[in-house]
file structure23.json (JSON, C-alpha atoms)
[["chain", "number", "residue", "atom", "x", "y", "z"],
["A", 1, "MET", "CA", 0.00, 0.00, 0.00],
["A", 2, "ARG", "CA", 1.35, 3.44, -0.90],
["A", 3, "PRO", "CA", 2.11, 5.77, 2.04],
["A", 4, "ILE", "CA", -0.51, 8.32, 0.93],
["A", 5, "ALA", "CA", -3.12, 5.58, 0.77],
["A", 6, "LEU", "CA", -2.17, 4.32, 4.22],
["A", 7, "ILE", "CA", -2.37, 7.82, 5.72],
["A", 8, "SER", "CA", -5.75, 8.33, 4.05],
["A", 9, "LEU", "CA", -7.01, 5.07, 5.51],
["A", 10, "ILE", "CA", -5.86, 6.01, 9.00],
["A", 11, "CYS", "CA", -7.25, 9.54, 8.83],
["A", 12, "LEU", "CA", -10.55, 8.61, 7.15],
["A", 13, "PRO", "CA", -12.41, 8.21, 10.47],
["A", 14, "LEU", "CA", -11.53, 11.82, 11.34],
["A", 15, "LEU", "CA", -13.64, 13.05, 8.43],
["A", 16, "CYS", "CA", -16.79, 11.77, 10.10],
["A", 17, "GLY", "CA", -19.12, 14.45, 11.42],
["A", 18, "GLY", "CA", -19.65, 15.00, 15.13],
["A", 19, "CYS", "CA", -17.16, 15.35, 17.95],
["A", 20, "SER", "CA", -17.86, 11.92, 19.42],
["A", 21, "LEU", "CA", -17.36, 10.23, 16.07],
["A", 22, "ARG", "CA", -14.11, 12.12, 15.51],
["A", 23, "ARG", "CA", -12.86, 11.10, 18.95],
["A", 24, "ALA", "CA", -13.78, 7.48, 18.27],
["A", 25, "GLY", "CA", -12.06, 7.65, 14.90],
["A", 26, "ALA", "CA", -8.95, 9.23, 16.41],
["A", 27, "HIS", "CA", -8.86, 6.56, 19.13],
["A", 28, "TYR", "CA", -9.19, 3.79, 16.54],
["A", 29, "ALA", "CA", -6.47, 5.25, 14.32],
["A", 30, "GLY", "CA", -4.23, 5.92, 17.32],
["A", 31, "SER", "CA", -4.59, 2.32, 18.46],
["A", 32, "MET", "CA", -3.57, 1.12, 15.00],
["A", 33, "ILE", "CA", -0.40, 3.20, 15.12],
["A", 34, "ASP", "CA", 0.42, 2.31, 18.72],
["A", 35, "ASN", "CA", 0.02, -1.39, 18.01],
["A", 36, "GLY", "CA", 2.29, -1.03, 14.99],
["A", 37, "MET", "CA", 5.11, 0.85, 16.75],
["A", 38, "SER", "CA", 6.82, -2.47, 17.42],
["A", 39, "ALA", "CA", 7.81, -2.41, 13.74],
["A", 40, "TYR", "CA", 10.05, 0.53, 14.62],
["A", 41, "TYR", "CA", 11.48, -0.92, 17.81],
["A", 42, "GLU", "CA", 12.41, -4.16, 16.03],
["A", 43, "GLU", "CA", 14.19, -2.35, 13.17],
["A", 44, "GLN", "CA", 18.00, -2.36, 13.04],
["A", 45, "ASP", "CA", 18.50, 0.17, 10.22],
["A", 46, "LEU", "CA", 19.00, 3.43, 12.13],
["A", 47, "ASP", "CA", 18.88, 5.65, 9.04],
["A", 48, "LEU", "CA", 15.52, 4.21, 8.02],
["A", 49, "VAL", "CA", 14.03, 5.00, 11.42],
["A", 50, "LYS", "CA", 15.64, 8.44, 11.62],
["A", 51, "GLU", "CA", 13.94, 9.43, 8.36],
["A", 52, "SER", "CA", 10.57, 7.75, 8.86],
["A", 53, "LEU", "CA", 9.80, 8.27, 12.55],
["A", 54, "PRO", "CA", 9.25, 12.08, 12.59],
["A", 55, "PRO", "CA", 6.37, 12.16, 10.06],
["A", 56, "ASN", "CA", 4.64, 9.37, 11.96],
["A", 57, "LEU", "CA", 5.01, 11.24, 15.23],
["A", 58, "LYS", "CA", 3.43, 14.30, 13.61],
["A", 59, "LEU", "CA", 0.58, 12.12, 12.36],
["A", 60, "MET", "CA", 0.01, 10.95, 15.92],
["A", 61, "GLU", "CA", -0.10, 14.59, 17.03],
["A", 62, "VAL", "CA", -2.86, 15.20, 14.48],
["A", 63, "LEU", "CA", -4.80, 12.28, 15.93],
["A", 64, "LEU", "CA", -4.26, 13.55, 19.46],
["A", 65, "ARG", "CA", -5.78, 16.93, 18.55],
["A", 66, "ASN", "CA", -9.00, 15.05, 17.84],
["A", 67, "ASN", "CA", -8.86, 13.04, 21.07],
["A", 68, "PRO", "CA", -6.64, 14.93, 23.55],
["A", 69, "GLN", "CA", -7.47, 12.65, 26.49],
["A", 70, "ASP", "CA", -6.17, 9.49, 24.79],
["A", 71, "LEU", "CA", -3.53, 8.40, 27.30],
["A", 72, "THR", "CA", -2.19, 5.63, 25.07],
["A", 73, "LEU", "CA", -1.51, 8.08, 22.27],
["A", 74, "ARG", "CA", 0.01, 10.62, 24.67],
["A", 75, "THR", "CA", 2.32, 7.96, 26.10],
["A", 76, "THR", "CA", 3.37, 6.74, 22.66],
["A", 77, "LEU", "CA", 4.22, 10.32, 21.66],
["A", 78, "SER", "CA", 6.29, 10.81, 24.82],
["A", 79, "GLN", "CA", 8.21, 7.62, 24.17],
["A", 80, "GLY", "CA", 8.61, 8.41, 20.49],
["A", 81, "TYR", "CA", 10.04, 11.89, 20.95],
["A", 82, "CYS", "CA", 12.27, 10.81, 23.84],
["A", 83, "SER", "CA", 13.62, 7.93, 21.78],
["A", 84, "TYR", "CA", 14.22, 10.18, 18.78],
["A", 85, "ALA", "CA", 16.09, 12.72, 20.94],
["A", 86, "PHE", "CA", 18.26, 10.07, 22.59],
["A", 87, "MET", "CA", 19.04, 8.00, 19.51],
["A", 88, "PHE", "CA", 19.49, 10.65, 16.84],
["A", 89, "GLN", "CA", 20.02, 14.12, 18.33],
["A", 90, "GLU", "CA", 21.98, 14.10, 21.60],
["A", 91, "ASP", "CA", 25.41, 13.53, 20.05],
["A", 92, "SER", "CA", 24.96, 15.69, 16.95],
["A", 93, "ASP", "CA", 22.69, 18.51, 18.13],
["A", 94, "PRO", "CA", 22.13, 18.72, 21.92],
["A", 95, "GLU", "CA", 19.94, 21.82, 21.65],
["A", 96, "ARG", "CA", 17.61, 20.04, 19.25],
["A", 97, "ALA", "CA", 17.61, 17.02, 21.57],
["A", 98, "LYS", "CA", 16.52, 19.29, 24.43],
["A", 99, "TYR", "CA", 13.65, 20.54, 22.29],
["A", 100, "PHE", "CA", 12.43, 17.01, 21.59],
["A", 101, "TYR", "CA", 12.81, 15.95, 25.23],
["A", 102, "ARG", "CA", 10.69, 18.91, 26.33],
["A", 103, "LYS", "CA", 8.18, 18.19, 23.60],
["A", 104, "GLY", "CA", 7.95, 14.54, 24.63],
["A", 105, "ALA", "CA", 7.47, 15.44, 28.29],
["A", 106, "GLY", "CA", 4.68, 17.82, 27.36],
["A", 107, "PHE", "CA", 2.42, 15.04, 26.09],
["A", 108, "THR", "CA", 2.33, 13.34, 29.50],
["A", 109, "ALA", "CA", 2.56, 16.46, 31.65],
["A", 110, "GLY", "CA", 0.05, 17.04, 34.42],
["A", 111, "LEU", "CA", 0.04, 13.50, 35.81],
["A", 112, "GLU", "CA", 0.14, 13.69, 39.57],
["A", 113, "GLN", "CA", 2.60, 11.39, 41.31],
["A", 114, "GLU", "CA", -0.08, 10.24, 43.74],
["A", 115, "SER", "CA", -2.34, 9.17, 40.86],
["A", 116, "LEU", "CA", 0.03, 6.28, 40.13],
["A", 117, "LYS", "CA", -0.77, 4.78, 43.53],
["A", 118, "ARG", "CA", -4.46, 4.80, 42.66],
["A", 119, "ASN", "CA", -4.00, 3.65, 39.08],
["A", 120, "PRO", "CA", -0.85, 1.58, 38.29],
["A", 121, "ARG", "CA", -1.85, 1.63, 34.61],
["A", 122, "LEU", "CA", -0.38, 5.14, 34.51],
["A", 123, "MET", "CA", 3.09, 3.61, 34.94],
["A", 124, "PRO", "CA", 4.13, 3.88, 31.24],
["A", 125, "ALA", "CA", 2.99, 7.49, 30.94],
["A", 126, "LEU", "CA", 4.73, 8.60, 34.13],
["A", 127, "PHE", "CA", 7.88, 6.65, 33.27],
["A", 128, "TRP", "CA", 8.25, 8.25, 29.84],
["A", 129, "ASN", "CA", 7.46, 11.68, 31.22],
["A", 130, "SER", "CA", 10.27, 11.18, 33.73],
["A", 131, "PHE", "CA", 12.64, 9.82, 31.08],
["A", 132, "CYS", "CA", 12.02, 12.90, 28.91],
["A", 133, "ARG", "CA", 12.54, 15.29, 31.80],
["A", 134, "ALA", "CA", 15.73, 13.51, 32.87],
["A", 135, "GLY", "CA", 17.03, 13.60, 29.30],
["A", 136, "TYR", "CA", 16.48, 17.34, 29.16],
["A", 137, "ILE", "CA", 18.03, 18.02, 32.56],
["A", 138, "GLN", "CA", 21.23, 16.09, 31.88],
["A", 139, "LEU", "CA", 21.79, 18.31, 28.85],
["A", 140, "ASP", "CA", 21.06, 21.46, 30.86],
["A", 141, "LEU", "CA", 22.91, 20.94, 34.15],
["A", 142, "GLN", "CA", 24.39, 24.45, 34.02],
["A", 143, "ASN", "CA", 20.91, 25.91, 34.35],
["A", 144, "PRO", "CA", 19.73, 26.42, 37.97],
["A", 145, "ASP", "CA", 16.11, 25.98, 36.87],
["A", 146, "SER", "CA", 16.89, 22.49, 35.58],
["A", 147, "ILE", "CA", 18.81, 21.58, 38.74],
["A", 148, "ALA", "CA", 15.77, 22.70, 40.74],
["A", 149, "GLU", "CA", 13.65, 20.05, 38.97],
["A", 150, "LEU", "CA", 15.80, 17.18, 40.24],
["A", 151, "PRO", "CA", 14.22, 16.70, 43.71],
["A", 152, "SER", "CA", 10.73, 16.39, 42.21],
["A", 153, "LEU", "CA", 11.99, 14.01, 39.53],
["A", 154, "GLU", "CA", 13.78, 11.88, 42.12],
["A", 155, "LYS", "CA", 10.53, 11.51, 44.08],
["A", 156, "THR", "CA", 8.80, 10.34, 40.93],
["A", 157, "ALA", "CA", 11.60, 7.85, 40.30],
["A", 158, "ASP", "CA", 11.08, 6.47, 43.82],
["A", 159, "LEU", "CA", 7.39, 6.00, 43.11],
["A", 160, "LEU", "CA", 8.17, 4.24, 39.82],
["A", 161, "LEU", "CA", 10.49, 1.90, 41.70],
["A", 162, "GLU", "CA", 7.77, 1.11, 44.22],
["A", 163, "THR", "CA", 5.22, 0.42, 41.49],
["A", 164, "ASP", "CA", 7.17, -1.68, 38.97],
["A", 165, "PRO", "CA", 10.98, -1.71, 39.28],
["A", 166, "ASP", "CA", 11.32, -4.10, 36.32],
["A", 167, "TYR", "CA", 9.38, -1.92, 33.87],
["A", 168, "TYR", "CA", 11.22, -1.36, 30.59],
["A", 169, "TYR", "CA", 14.10, -3.70, 31.46],
["A", 170, "GLY", "CA", 14.80, -2.18, 34.85],
["A", 171, "GLY", "CA", 14.15, 1.34, 33.60],
["A", 172, "PRO", "CA", 13.18, 2.82, 37.00],
["A", 173, "HIS", "CA", 16.48, 1.56, 38.46],
["A", 174, "ALA", "CA", 18.46, 3.09, 35.58],
["A", 175, "LEU", "CA", 16.55, 6.35, 35.91],
["A", 176, "LYS", "CA", 17.20, 6.53, 39.64],
["A", 177, "GLY", "CA", 20.86, 5.69, 39.08],
["A", 178, "ALA", "CA", 21.30, 8.37, 36.44],
["A", 179, "LEU", "CA", 19.67, 10.99, 38.67],
["A", 180, "ALA", "CA", 21.82, 10.02, 41.67],
["A", 181, "ALA", "CA", 24.96, 10.33, 39.52],
["A", 182, "ALA", "CA", 23.94, 13.55, 37.76],
["A", 183, "ARG", "CA", 25.58, 15.81, 40.36],
["A", 184, "PRO", "CA", 28.79, 15.75, 42.40],
["A", 185, "VAL", "CA", 28.45, 14.75, 46.05],
["A", 186, "MET", "CA", 28.87, 18.35, 47.20],
["A", 187, "MET", "CA", 25.80, 19.30, 45.15],
["A", 188, "GLY", "CA", 23.59, 16.44, 46.35],
["A", 189, "GLY", "CA", 24.79, 13.55, 44.22],
["A", 190, "ASN", "CA", 24.91, 10.04, 45.65],
["A", 191, "PRO", "CA", 27.36, 7.79, 43.76],
["A", 192, "THR", "CA", 26.86, 4.87, 46.16],
["A", 193, "LEU", "CA", 23.13, 4.84, 45.49],
["A", 194, "ALA", "CA", 23.75, 5.32, 41.76],
["A", 195, "LYS", "CA", 25.96, 2.23, 41.60],
["A", 196, "GLN", "CA", 23.41, 0.15, 43.53],
["A", 197, "GLN", "CA", 20.62, 1.19, 41.18],
["A", 198, "PHE", "CA", 22.58, 0.52, 38.00],
["A", 199, "GLU", "CA", 23.62, -2.91, 39.26],
["A", 200, "ALA", "CA", 19.95, -3.63, 39.97],
["A", 201, "ALA", "CA", 19.01, -2.46, 36.46],
["A", 202, "LEU", "CA", 21.46, -4.99, 35.00],
["A", 203, "GLN", "CA", 19.66, -7.95, 36.55],
["A", 204, "GLY", "CA", 17.37, -10.24, 34.53],
["A", 205, "ALA", "CA", 16.35, -8.95, 31.11],
["A", 206, "GLY", "CA", 18.01, -5.63, 31.91],
["A", 207, "ALA", "CA", 21.41, -7.28, 31.49],
["A", 208, "GLU", "CA", 20.81, -7.50, 27.72],
["A", 209, "PHE", "CA", 19.42, -3.99, 27.38],
["A", 210, "LYS", "CA", 22.38, -1.89, 26.29],
["A", 211, "LEU", "CA", 20.85, 1.39, 27.44],
["A", 212, "ASN", "CA", 21.49, 0.37, 31.05],
["A", 213, "LEU", "CA", 25.19, -0.17, 30.33],
["A", 214, "PHE", "CA", 25.47, 3.11, 28.46],
["A", 215, "LEU", "CA", 23.82, 5.22, 31.17],
["A", 216, "TYR", "CA", 25.93, 3.52, 33.83],
["A", 217, "ALA", "CA", 29.10, 4.50, 31.95],
["A", 218, "LYS", "CA", 27.97, 7.97, 30.90],
["A", 219, "THR", "CA", 26.79, 9.07, 34.33],
["A", 220, "TYR", "CA", 28.27, 7.07, 37.21],
["A", 221, "ALA", "CA", 31.64, 6.07, 35.70],
["A", 222, "VAL", "CA", 32.34, 9.59, 34.46],
["A", 223, "GLN", "CA", 31.14, 11.29, 37.66],
["A", 224, "THR", "CA", 33.32, 9.02, 39.85],
["A", 225, "GLN", "CA", 36.18, 9.02, 37.30],
["A", 226, "ASP", "CA", 36.21, 5.22, 37.20],
["A", 227, "ARG", "CA", 37.94, 4.84, 33.86],
["A", 228, "GLU", "CA", 38.25, 1.06, 34.05],
["A", 229, "LEU", "CA", 34.52, 0.62, 34.64],
["A", 230, "PHE", "CA", 33.79, 3.14, 31.88],
["A", 231, "GLY", "CA", 35.72, 1.07, 29.35],
["A", 232, "THR", "CA", 34.31, -2.25, 30.54],
["A", 233, "LEU", "CA", 30.70, -1.09, 30.30],
["A", 234, "LEU", "CA", 31.05, 0.51, 26.88],
["A", 235, "ARG", "CA", 32.95, -2.40, 25.37],
["A", 236, "LYS", "CA", 30.15, -4.69, 26.53],
["A", 237, "ALA", "CA", 27.60, -2.30, 25.01],
["A", 238, "LEU", "CA", 29.50, -2.50, 21.72],
["A", 239, "GLU", "CA", 29.17, -6.27, 21.53],
["A", 240, "ASP", "CA", 26.82, -7.61, 18.89],
["A", 241, "SER", "CA", 23.81, -9.22, 20.53],
["A", 242, "ARG", "CA", 20.84, -11.18, 19.24],
["A", 243, "GLU", "CA", 19.01, -10.88, 22.53],
["A", 244, "LEU", "CA", 15.87, -8.76, 22.92],
["A", 245, "PRO", "CA", 14.84, -8.68, 19.23],
["A", 246, "GLU", "CA", 11.89, -6.51, 20.27],
["A", 247, "GLN", "CA", 14.44, -3.81, 21.23],
["A", 248, "ARG", "CA", 16.83, -4.17, 18.30],
["A", 249, "LEU", "CA", 16.51, -0.48, 17.42],
["A", 250, "ALA", "CA", 17.41, 0.73, 20.92],
["A", 251, "ASN", "CA", 20.33, -1.65, 21.21],
["A", 252, "GLU", "CA", 21.73, -0.67, 17.81],
["A", 253, "ALA", "CA", 21.39, 3.02, 18.64],
["A", 254, "VAL", "CA", 23.19, 2.52, 21.95],
["A", 255, "ARG", "CA", 25.99, 0.62, 20.22],
["A", 256, "LEU", "CA", 26.59, 3.64, 17.99],
["A", 257, "ARG", "CA", 26.44, 6.09, 20.89],
["A", 258, "ALA", "CA", 28.75, 3.87, 22.96],
["A", 259, "LYS", "CA", 31.30, 4.01, 20.15],
["A", 260, "HIS", "CA", 31.14, 7.81, 20.09],
["A", 261, "LEU", "CA", 31.40, 8.04, 23.89],
["A", 262, "LEU", "CA", 34.39, 5.69, 23.99],
["A", 263, "GLU", "CA", 36.15, 7.91, 21.44],
["A", 264, "ARG", "CA", 35.91, 10.76, 23.99],
["A", 265, "GLU", "CA", 37.53, 8.76, 26.79],
["A", 266, "ASN", "CA", 40.71, 10.85, 26.94],
["A", 267, "ASP", "CA", 38.66, 14.04, 27.22],
["A", 268, "LEU", "CA", 36.51, 12.67, 30.03],
["A", 269, "PHE", "CA", 39.29, 11.24, 32.22]]

call {"tool": "encode", "arguments": {"input": "structure23.json", "output": "structure tokens"}}
result
Amino acid sequence: MRPIALISLICLPLLCGGCSLRRAGAHYAGSMIDNGMSAYYEEQDLDLVKESLPPNLKLMEVLLRNNPQDLTLRTTLSQGYCSYAFMFQEDSDPERAKYFYRKGAGFTAGLEQESLKRNPRLMPALFWNSFCRAGYIQLDLQNPDSIAELPSLEKTADLLLETDPDYYYGGPHALKGALAAARPVMMGGNPTLAKQQFEAALQGAGAEFKLNLFLYAKTYAVQTQDRELFGTLLRKALEDSRELPEQRLANEAVRLRAKHLLERENDLF
């Protein structure tokens, strides 16, 4: 099917009259896209995804305008923009990455921390909101306003850990570890806690998820100036792996970023 025909098919329900029908159509189309996002996450060709993901994210924004309360669509947009910022923008254009992180966080903004205790189904939305915010902050650590966001974000990370510590391959552990290692000890950092959290993230399925290795090296190893650990973690991230085929895209992107980070070793230590 040609792309224009596919887009027409997805957007056809939005042409129906009446707000309720448009919302139903947007929800149906959004569910189709959300269910098909695995085709992206299983892809190993980074250039293909870099070119094709943005127009699909914009299409999802169009659908969200017609059904702004669709939490599934909002969560998918948060994850999509965060992933795009991390995989394709951080190394080449940090300012653009910050823009996409902020944009991603905006789709899941307004979720109260306490609401997760009442409704654990909000876990994905709150996790990706936190991931986006953390991504932005670590690129903006010279800004006092960004530093001021850390305590609130750390509380959210604690709540995510209480709710489902194994979500997204130990993602809450990795998030907590990255936040604890984001600052020197004299500014509130906690390298001991960071190490504990990263080691926890690398248990079970998280051991094969290269993002955990990369964040461990980029944050904790650099902050503590542990050069040996830095090299060990990144060399492991560079290894070819057939594990987690459902996360082939993320693992391939991390392999590339690990290569770039390892090339900067002499500048970081």

call {"tool": "closest_residue", "arguments": {"input": "structure23.json", "among": "A:Glu42, A:Glu154, A:Glu246, A:Glu265", "to": "Glu228 of chain A", "atoms": "all atoms listed in the file"}}
result
A:Glu265

call {"tool": "residues_around", "arguments": {"input": "structure23.json", "residues": "segment 95-103 of chain A", "least_positions_apart": "4", "cutoff": "6 Å", "atoms": "only C-alpha atoms", "output": "PyMOL selection string"}}
result
chain A and resi 81-82+85+89-90+132+136

call {"tool": "residues_around", "arguments": {"input": "structure23.json", "residues": "Gln196 of chain A", "least_positions_apart": "4", "cutoff": "10 Å", "atoms": "all atoms listed in the file", "output": "ChimeraX atom specification"}}
result
/A:173-174,176-177,191-192,200-201

call {"tool": "residues_around", "arguments": {"input": "structure23.json", "residues": "Leu46 of chain A", "least_positions_apart": "6", "cutoff": "8 Å", "atoms": "only C-alpha atoms", "output": "short mmCIF file (atom, residue, chain, number, x, y, z; two decimals) with C-alpha atoms, in the frame of the given file"}}
result
data_model
loop_
_atom_site.label_atom_id
_atom_site.label_comp_id
_atom_site.auth_asym_id
_atom_site.auth_seq_id
_atom_site.Cartn_x
_atom_site.Cartn_y
_atom_site.Cartn_z
CA LEU A 249 16.51 -0.48 17.42
CA GLU A 252 21.73 -0.67 17.81
CA ALA A 253 21.39 3.02 18.64
#

call {"tool": "closest_residue", "arguments": {"input": "structure23.json", "among": "A:Phe88, A:Gln138, A:Phe107, A:Tyr220", "to": "Arg65 of chain A", "atoms": "all atoms listed in the file"}}
result
A:Phe107

call {"tool": "atom_distance", "arguments": {"input": "structure23.json", "atom1": "atom CA of Leu71 of chain A", "atom2": "atom CA of Ser130 of chain A"}}
result
15.5 Å

call {"tool": "closest_residue", "arguments": {"input": "structure23.json", "among": "A:Glu243, A:Glu199, A:Glu61, A:Asp93", "to": "Leu215 of chain A", "atoms": "all atoms listed in the file"}}
result
A:Glu199

call {"tool": "residues_around", "arguments": {"input": "structure23.json", "residues": "segment 256-259 of chain A", "least_positions_apart": "4", "cutoff": "8 Å", "atoms": "all atoms listed in the file", "output": "PyMOL selection string"}}
result
chain A and resi 87+91+214+234-235+237-238+252+263

call {"tool": "write_last_selection", "arguments": {"input": "structure23.json", "atoms": "C-alpha atoms", "output": "PDB file, keeping the file's coordinate frame"}}
result
ATOM      1  CA  MET A  87      19.040   8.000  19.510  1.00  0.00           C
ATOM      2  CA  ASP A  91      25.410  13.530  20.050  1.00  0.00           C
ATOM      3  CA  PHE A 214      25.470   3.110  28.460  1.00  0.00           C
ATOM      4  CA  LEU A 234      31.050   0.510  26.880  1.00  0.00           C
ATOM      5  CA  ARG A 235      32.950  -2.400  25.370  1.00  0.00           C
ATOM      6  CA  ALA A 237      27.600  -2.300  25.010  1.00  0.00           C
ATOM      7  CA  LEU A 238      29.500  -2.500  21.720  1.00  0.00           C
ATOM      8  CA  GLU A 252      21.730  -0.670  17.810  1.00  0.00           C
ATOM      9  CA  GLU A 263      36.150   7.910  21.440  1.00  0.00           C
TER      10      GLU A 263
END

call {"tool": "closest_residue", "arguments": {"input": "structure23.json", "among": "A:Trp128, A:Tyr84, A:Phe198, A:Tyr40", "to": "Asn212 of chain A", "atoms": "all atoms listed in the file"}}
result
A:Phe198

call {"tool": "atom_distance", "arguments": {"input": "structure23.json", "atom1": "atom CA of Thr108 of chain A", "atom2": "atom CA of Arg183 of chain A"}}
result
25.8 Å

call {"tool": "closest_residue", "arguments": {"input": "structure23.json", "among": "A:Thr219, A:Leu268, A:Leu261, A:Ala181", "to": "Leu150 of chain A", "atoms": "only C-alpha atoms"}}
result
A:Ala181

call {"tool": "closest_residue", "arguments": {"input": "structure23.json", "among": "A:Gly104, A:Pro144, A:Gly206, A:Pro120", "to": "Asn251 of chain A", "atoms": "all atoms listed in the file"}}
result
A:Gly206

call {"tool": "atom_distance", "arguments": {"input": "structure23.json", "atom1": "atom CA of Thr75 of chain A", "atom2": "atom CA of Ala125 of chain A"}}
result
4.9 Å

call {"tool": "residues_around", "arguments": {"input": "structure23.json", "residues": "Arg74 of chain A", "least_positions_apart": "4", "cutoff": "12 Å", "atoms": "all atoms listed in the file", "output": "PyMOL selection string"}}
result
chain A and resi 27+30-31+34+57+60-65+67-70+78-81+103-111+122+124-126+128-129

call {"tool": "axis_aligned_box", "arguments": {"input": "structure23.json", "around": "segment 94-104 of chain A", "padding_each_side": "4 Å", "output": "lines of an AutoDock Vina configuration file"}}
result
center_x = 15.0
center_y = 18.2
center_z = 22.8
size_x = 22.2
size_y = 15.3
size_z = 15.1
